[in-house]
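Working notes for the structure below.
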Amino acid sequence: GENVEQHPSTLSVQEGDSAVIKCTYSDSASNYFPWYKQELGKGPQLIIDIRSNVGEKKDQRIAVTLNKTAKHFSLHITETQPEDSAVYFCAAGVQGGKLIFGQGTELSVKP
Amino acid sequence: KAGVTQTPRYLIKTRGQQVTLSCSPISGHRSVSWYQQTPGQGLQFLFEYFSETQRNKGNFPGRFSGRQFSNSRSEMNVSTLELGDSALYLCASSPLDRGSHEQYFGPGTRLTVT
């Protein structure tokens, strides 16, 4: 069935270090891979996304890579700041408006 | 542009009751999806509406239903509430009508069933 595995579940880094979160999806029909950041008491915020015809995408300190053959995609945050602390979710778009989400990674950036 | 709005933000209901949650998408967006978020199960897809028609449905019992109006506003209804229905219910709107595409979430409705 449709499934997205996300690792690690928690991640603690020092300010200025890089953070990497990895996801694996099961449905080979998935063609859209967004990443969301959720802060306490708020809804998920779309921070970056990638489509299946692209291998890498970058937006300032955030980058996402996709390996379709291995069904892996990853989020890379460089030069982390305390305000990057939040829960991050990966997702796979299977069809239309349906997204299958990973279990989330709680990122803590220590000053 | 105003973001996705959801009302009410918080709700307390008793087991057996029913509840209706409302979502107003971003202006111009015609697709609305609903998700349930719980600590144990994470974010789970409920259903998606486009042009007043349900296009996709997740694996939830028939007690969960929804609809979309001609102005793209959407409502979801949960009948015969159970304790396990306590969750954050999130609505997301999307600008495109085909393929998988970006979704923008509202702040959610926190439902507590006692």
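Naming scheme: A, B, ... for chains in displayed order of the structure tokens; residues 1 onward per chain; ligands 1 onward as shown.
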Practice task
Can you check which residues of chain B have any atom within 10 Å of chain A? Use only C-alpha atoms and format it as an MDAnalysis selection string.
Solution key: chainID B and resid 4 31:35 39:50 55:58 88:94 96:110
Problem - All residues 8 Å or closer to Asp84 (chain A), only C-alpha atoms, same chain fewer than 6 positions away omitted, as a list in words - result: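 Contacts, with the query itself left out: Leu107, Ser108 and Val109 of chain A.
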Any chance you could export the current selection's N, CA, C and O atoms as a tab-separated table (two decimals), in the first residue's frame?
```tsv
chain	number	residue	atom	x	y	z
A	107	LEU	N	12.88	18.74	14.88
A	107	LEU	CA	14.22	19.34	14.79
A	107	LEU	C	14.40	20.39	15.89
A	107	LEU	O	13.56	21.29	16.04
A	108	SER	N	15.50	20.25	16.61
A	108	SER	CA	15.83	21.22	17.65
A	108	SER	C	17.19	21.83	17.32
A	108	SER	O	18.18	21.09	17.16
A	109	VAL	N	17.25	23.15	17.21
A	109	VAL	CA	18.50	23.84	16.91
A	109	VAL	C	18.93	24.60	18.16
A	109	VAL	O	18.23	25.53	18.59
```
Exercise for the section: Using CA of Ser85 (chain A) and CA of Lys110 (chain A) as the two end points, give the distance in Å to one decimal. Expected result: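 If I compute the distance from CA of Ser85 (chain A) to CA of Lys110 (chain A), I get 8.6 Å.
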Practice task
Tell me, as a ChimeraX atom specification, which residues lie within 8 Å of region 13-30 of chain B, counting only C-alpha atoms; anything in the same chain fewer than 5 positions away does not count.
Solution key: /B:1-8,50-51,72-83,91-97,109,111-114
Hey, can you spit out that residue selection with N, CA and C atoms as an mmCIF file, in the first residue's frame?
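Result file again_17.cif:
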```
data_model
loop_
_atom_site.group_PDB
_atom_site.id
_atom_site.type_symbol
_atom_site.label_atom_id
_atom_site.label_comp_id
_atom_site.auth_asym_id
_atom_site.auth_seq_id
_atom_site.Cartn_x
_atom_site.Cartn_y
_atom_site.Cartn_z
ATOM 1 N N LYS B 1 -2.802 37.861 -0.524
ATOM 2 C CA LYS B 1 -4.000 36.992 -0.497
ATOM 3 C C LYS B 1 -4.164 36.430 0.896
ATOM 4 N N ALA B 2 -5.390 36.331 1.362
ATOM 5 C CA ALA B 2 -5.644 35.716 2.653
ATOM 6 C C ALA B 2 -5.384 34.222 2.535
ATOM 7 N N GLY B 3 -4.963 33.624 3.645
ATOM 8 C CA GLY B 3 -4.676 32.192 3.644
ATOM 9 C C GLY B 3 -5.933 31.382 3.832
ATOM 10 N N VAL B 4 -5.750 30.095 4.054
ATOM 11 C CA VAL B 4 -6.862 29.187 4.316
ATOM 12 C C VAL B 4 -7.386 29.466 5.719
ATOM 13 N N THR B 5 -8.684 29.598 5.842
ATOM 14 C CA THR B 5 -9.273 29.823 7.160
ATOM 15 C C THR B 5 -10.155 28.651 7.537
ATOM 16 N N GLN B 6 -10.114 28.323 8.833
ATOM 17 C CA GLN B 6 -10.926 27.225 9.334
ATOM 18 C C GLN B 6 -11.681 27.691 10.576
ATOM 19 N N THR B 7 -12.929 27.284 10.654
ATOM 20 C CA THR B 7 -13.723 27.614 11.830
ATOM 21 C C THR B 7 -14.531 26.401 12.269
ATOM 22 N N PRO B 8 -14.762 26.222 13.580
ATOM 23 C CA PRO B 8 -14.107 27.007 14.626
ATOM 24 C C PRO B 8 -12.664 26.539 14.830
ATOM 25 N N PHE B 50 -13.113 18.773 -5.462
ATOM 26 C CA PHE B 50 -12.814 19.698 -6.560
ATOM 27 C C PHE B 50 -14.110 19.942 -7.324
ATOM 28 N N SER B 51 -14.443 21.197 -7.531
ATOM 29 C CA SER B 51 -15.682 21.565 -8.225
ATOM 30 C C SER B 51 -16.879 20.813 -7.666
ATOM 31 N N SER B 72 -16.322 27.116 -3.559
ATOM 32 C CA SER B 72 -15.156 26.305 -3.160
ATOM 33 C C SER B 72 -15.026 26.110 -1.650
ATOM 34 N N ARG B 73 -15.798 26.796 -0.857
ATOM 35 C CA ARG B 73 -15.786 26.547 0.582
ATOM 36 C C ARG B 73 -16.188 25.102 0.838
ATOM 37 N N SER B 74 -15.631 24.521 1.889
ATOM 38 C CA SER B 74 -15.899 23.111 2.158
ATOM 39 C C SER B 74 -16.269 22.909 3.620
ATOM 40 N N GLU B 75 -17.025 21.888 3.876
ATOM 41 C CA GLU B 75 -17.350 21.472 5.236
ATOM 42 C C GLU B 75 -17.070 19.983 5.367
ATOM 43 N N MET B 76 -16.683 19.572 6.560
ATOM 44 C CA MET B 76 -16.636 18.143 6.850
ATOM 45 C C MET B 76 -17.488 17.874 8.079
ATOM 46 N N ASN B 77 -18.090 16.715 8.089
ATOM 47 C CA ASN B 77 -18.994 16.332 9.153
ATOM 48 C C ASN B 77 -18.552 14.996 9.738
ATOM 49 N N VAL B 78 -18.602 14.900 11.045
ATOM 50 C CA VAL B 78 -18.339 13.625 11.701
ATOM 51 C C VAL B 78 -19.568 13.318 12.545
ATOM 52 N N SER B 79 -20.189 12.182 12.281
ATOM 53 C CA SER B 79 -21.384 11.800 13.036
ATOM 54 C C SER B 79 -21.019 10.776 14.103
ATOM 55 N N THR B 80 -21.857 10.632 15.083
ATOM 56 C CA THR B 80 -21.675 9.651 16.155
ATOM 57 C C THR B 80 -20.229 9.654 16.649
ATOM 58 N N LEU B 81 -19.829 10.770 17.208
ATOM 59 C CA LEU B 81 -18.432 10.965 17.615
ATOM 60 C C LEU B 81 -17.962 9.907 18.608
ATOM 61 N N GLU B 82 -16.695 9.496 18.411
ATOM 62 C CA GLU B 82 -16.037 8.562 19.315
ATOM 63 C C GLU B 82 -14.836 9.275 19.943
ATOM 64 N N LEU B 83 -14.372 8.745 21.101
ATOM 65 C CA LEU B 83 -13.232 9.359 21.779
ATOM 66 C C LEU B 83 -12.028 9.457 20.842
ATOM 67 N N CYS B 91 -7.421 21.513 6.940
ATOM 68 C CA CYS B 91 -7.921 21.695 5.589
ATOM 69 C C CYS B 91 -6.787 22.300 4.760
ATOM 70 N N ALA B 92 -6.671 21.886 3.512
ATOM 71 C CA ALA B 92 -5.643 22.434 2.626
ATOM 72 C C ALA B 92 -6.266 22.770 1.289
ATOM 73 N N SER B 93 -5.858 23.888 0.711
ATOM 74 C CA SER B 93 -6.381 24.232 -0.612
ATOM 75 C C SER B 93 -5.261 24.243 -1.635
ATOM 76 N N SER B 94 -5.640 24.046 -2.888
ATOM 77 C CA SER B 94 -4.658 23.922 -3.954
ATOM 78 C C SER B 94 -5.146 24.648 -5.197
ATOM 79 N N PRO B 95 -4.210 25.238 -5.942
ATOM 80 C CA PRO B 95 -4.607 26.063 -7.081
ATOM 81 C C PRO B 95 -4.876 25.318 -8.377
ATOM 82 N N LEU B 96 -4.386 24.072 -8.506
ATOM 83 C CA LEU B 96 -4.476 23.394 -9.792
ATOM 84 C C LEU B 96 -5.572 22.327 -9.794
ATOM 85 N N ASP B 97 -5.932 21.894 -10.970
ATOM 86 C CA ASP B 97 -7.046 20.959 -11.053
ATOM 87 C C ASP B 97 -6.634 19.548 -11.469
ATOM 88 N N THR B 109 -8.700 22.831 13.062
ATOM 89 C CA THR B 109 -9.715 22.853 14.119
ATOM 90 C C THR B 109 -9.350 21.756 15.109
ATOM 91 N N LEU B 111 -10.437 19.368 17.724
ATOM 92 C CA LEU B 111 -11.659 18.738 18.223
ATOM 93 C C LEU B 111 -11.318 17.835 19.405
ATOM 94 N N THR B 112 -12.006 18.045 20.497
ATOM 95 C CA THR B 112 -11.865 17.187 21.675
ATOM 96 C C THR B 112 -13.203 16.520 21.932
ATOM 97 N N VAL B 113 -13.197 15.193 22.003
ATOM 98 C CA VAL B 113 -14.408 14.423 22.269
ATOM 99 C C VAL B 113 -14.308 13.851 23.684
ATOM 100 N N THR B 114 -15.288 14.153 24.512
ATOM 101 C CA THR B 114 -15.254 13.672 25.917
ATOM 102 C C THR B 114 -16.374 12.667 26.173
#
```
Practice task
Extract, using only C-alpha atoms, all DNA, RNA and protein residues at most 12 Å from Arg61 (chain A), discarding same-chain residues fewer than 5 positions from it, and format them as JSON, numbers by chain.
Solution key: {"A": [16, 17, 18, 19, 20, 47, 48, 75, 76, 77, 78, 79, 80, 81, 84]}
Residue selection dump (C-alpha atoms) as a compact mmCIF listing (two decimals), in the first residue's frame:
```txt
# COMPACT_ATOMS: atom_id res chain seq x y z
CA GLY A 16 25.15 26.80 12.21
CA ASP A 17 25.35 23.06 11.59
CA SER A 18 23.49 21.24 8.80
CA ALA A 19 20.43 19.03 9.26
CA VAL A 20 19.36 16.18 7.00
CA ILE A 47 8.70 25.08 2.56
CA ILE A 48 9.90 23.35 -0.60
CA LEU A 75 15.68 17.57 2.99
CA HIS A 76 18.91 19.44 3.68
CA ILE A 77 19.00 22.57 5.82
CA THR A 78 22.34 24.39 6.00
CA GLU A 79 23.47 27.03 8.51
CA THR A 80 20.64 26.13 10.87
CA GLN A 81 19.15 28.82 13.10
CA ASP A 84 14.37 26.43 12.20
```
Problem - Between CA of Asn3 (chain A) and CA of Gln37 (chain B), distance in Å (one decimal) - result: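 Distance between the two atoms: 16.0 Å.
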Practice task
Among the residues of chain B, find those DSSP assigns to strand (DSSP E or B) from the backbone and print them as an MDAnalysis selection string.
Solution key: chainID B and resid 5:7 10:13 19:24 31:38 42:50 53:57 64:68 74:78 87:94 104:105 109:113
Problem - All residues 7 Å or closer to Pro8 (chain A), only C-alpha atoms, same chain fewer than 2 positions away omitted, as number ranges by chain - result: A: 6, 10-11, 21, 105
How would the residues just picked look written out with all heavy atoms as a short mmCIF file (atom, residue, chain, number, x, y, z; two decimals), in the first residue's frame?
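Output file result32.cif is given in full below:
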```
data_model
loop_
_atom_site.label_atom_id
_atom_site.label_comp_id
_atom_site.auth_asym_id
_atom_site.auth_seq_id
_atom_site.Cartn_x
_atom_site.Cartn_y
_atom_site.Cartn_z
N GLN A 6 9.89 8.07 7.39
CA GLN A 6 10.71 9.28 7.61
C GLN A 6 11.65 9.05 8.79
O GLN A 6 11.24 8.54 9.82
CB GLN A 6 9.78 10.48 7.89
CG GLN A 6 10.51 11.80 8.09
CD GLN A 6 9.56 12.98 8.21
OE1 GLN A 6 8.38 12.90 7.87
NE2 GLN A 6 10.07 14.11 8.66
N THR A 10 13.63 12.37 15.77
CA THR A 10 14.11 13.58 16.43
C THR A 10 15.53 13.87 15.98
O THR A 10 16.30 12.94 15.68
CB THR A 10 14.09 13.45 17.98
OG1 THR A 10 14.95 12.37 18.36
CG2 THR A 10 12.69 13.19 18.49
N LEU A 11 15.87 15.14 15.93
CA LEU A 11 17.19 15.56 15.47
C LEU A 11 17.58 16.83 16.22
O LEU A 11 16.83 17.81 16.21
CB LEU A 11 17.15 15.82 13.96
CG LEU A 11 18.42 16.26 13.25
CD1 LEU A 11 19.52 15.23 13.44
CD2 LEU A 11 18.14 16.48 11.76
N ILE A 21 17.15 15.25 6.76
CA ILE A 21 16.02 14.38 7.06
C ILE A 21 15.74 13.56 5.81
O ILE A 21 15.72 14.09 4.70
CB ILE A 21 14.77 15.20 7.44
CG1 ILE A 21 15.07 16.11 8.64
CG2 ILE A 21 13.60 14.28 7.76
CD1 ILE A 21 13.97 17.13 8.94
N THR A 105 9.68 14.72 11.79
CA THR A 105 10.97 14.82 12.47
C THR A 105 10.96 16.09 13.31
O THR A 105 10.72 17.18 12.78
CB THR A 105 12.13 14.91 11.45
OG1 THR A 105 12.19 13.70 10.70
CG2 THR A 105 13.45 15.16 12.16
#
```
Can you list, as a JSON list (two decimals) with N, CA, C and O atoms, in the first residue's frame, every protein, DNA or RNA residue that comes within 12 Å of Thr69 (chain A) when you count only C-alpha atoms, leaving out same-chain residues fewer than 3 positions away?
```
[["chain", "number", "residue", "atom", "x", "y", "z"],
["A", 24, "THR", "N", 11.49, 7.69, 2.55],
["A", 24, "THR", "CA", 11.37, 6.65, 1.54],
["A", 24, "THR", "C", 9.89, 6.43, 1.26],
["A", 24, "THR", "O", 9.11, 6.36, 2.21],
["A", 25, "TYR", "N", 9.53, 6.34, -0.01],
["A", 25, "TYR", "CA", 8.13, 6.11, -0.34],
["A", 25, "TYR", "C", 7.95, 4.77, -1.03],
["A", 25, "TYR", "O", 8.90, 4.20, -1.57],
["A", 26, "SER", "N", 6.73, 4.26, -1.01],
["A", 26, "SER", "CA", 6.51, 2.91, -1.52],
["A", 26, "SER", "C", 5.83, 2.90, -2.89],
["A", 26, "SER", "O", 6.07, 1.99, -3.70],
["A", 27, "ASP", "N", 4.96, 3.89, -3.16],
["A", 27, "ASP", "CA", 4.17, 3.86, -4.39],
["A", 27, "ASP", "C", 4.96, 4.47, -5.55],
["A", 27, "ASP", "O", 5.24, 5.66, -5.55],
["A", 28, "SER", "N", 5.30, 3.65, -6.51],
["A", 28, "SER", "CA", 6.10, 4.12, -7.64],
["A", 28, "SER", "C", 5.35, 5.13, -8.51],
["A", 28, "SER", "O", 5.95, 5.80, -9.34],
["A", 52, "SER", "N", 8.89, 14.63, -9.84],
["A", 52, "SER", "CA", 9.64, 13.42, -10.17],
["A", 52, "SER", "C", 10.57, 13.57, -11.35],
["A", 52, "SER", "O", 11.43, 12.73, -11.58],
["A", 53, "ASN", "N", 10.43, 14.64, -12.11],
["A", 53, "ASN", "CA", 11.32, 14.83, -13.27],
["A", 53, "ASN", "C", 12.54, 15.69, -12.93],
["A", 53, "ASN", "O", 13.29, 16.09, -13.82],
["A", 55, "GLY", "N", 15.94, 16.15, -10.09],
["A", 55, "GLY", "CA", 16.73, 15.42, -9.11],
["A", 55, "GLY", "C", 17.06, 16.24, -7.87],
["A", 55, "GLY", "O", 17.27, 15.68, -6.80],
["A", 66, "LEU", "N", 16.05, 14.04, -4.81],
["A", 66, "LEU", "CA", 15.15, 12.92, -5.09],
["A", 66, "LEU", "C", 15.89, 11.87, -5.89],
["A", 66, "LEU", "O", 16.54, 12.16, -6.89],
["A", 72, "HIS", "N", 13.85, 7.38, -2.71],
["A", 72, "HIS", "CA", 14.32, 8.14, -1.57],
["A", 72, "HIS", "C", 14.26, 9.62, -1.89],
["A", 72, "HIS", "O", 14.56, 10.03, -3.03],
["A", 73, "PHE", "N", 13.92, 10.44, -0.90],
["A", 73, "PHE", "CA", 14.10, 11.88, -1.06],
["A", 73, "PHE", "C", 14.50, 12.47, 0.29],
["A", 73, "PHE", "O", 14.17, 11.90, 1.34]]
```
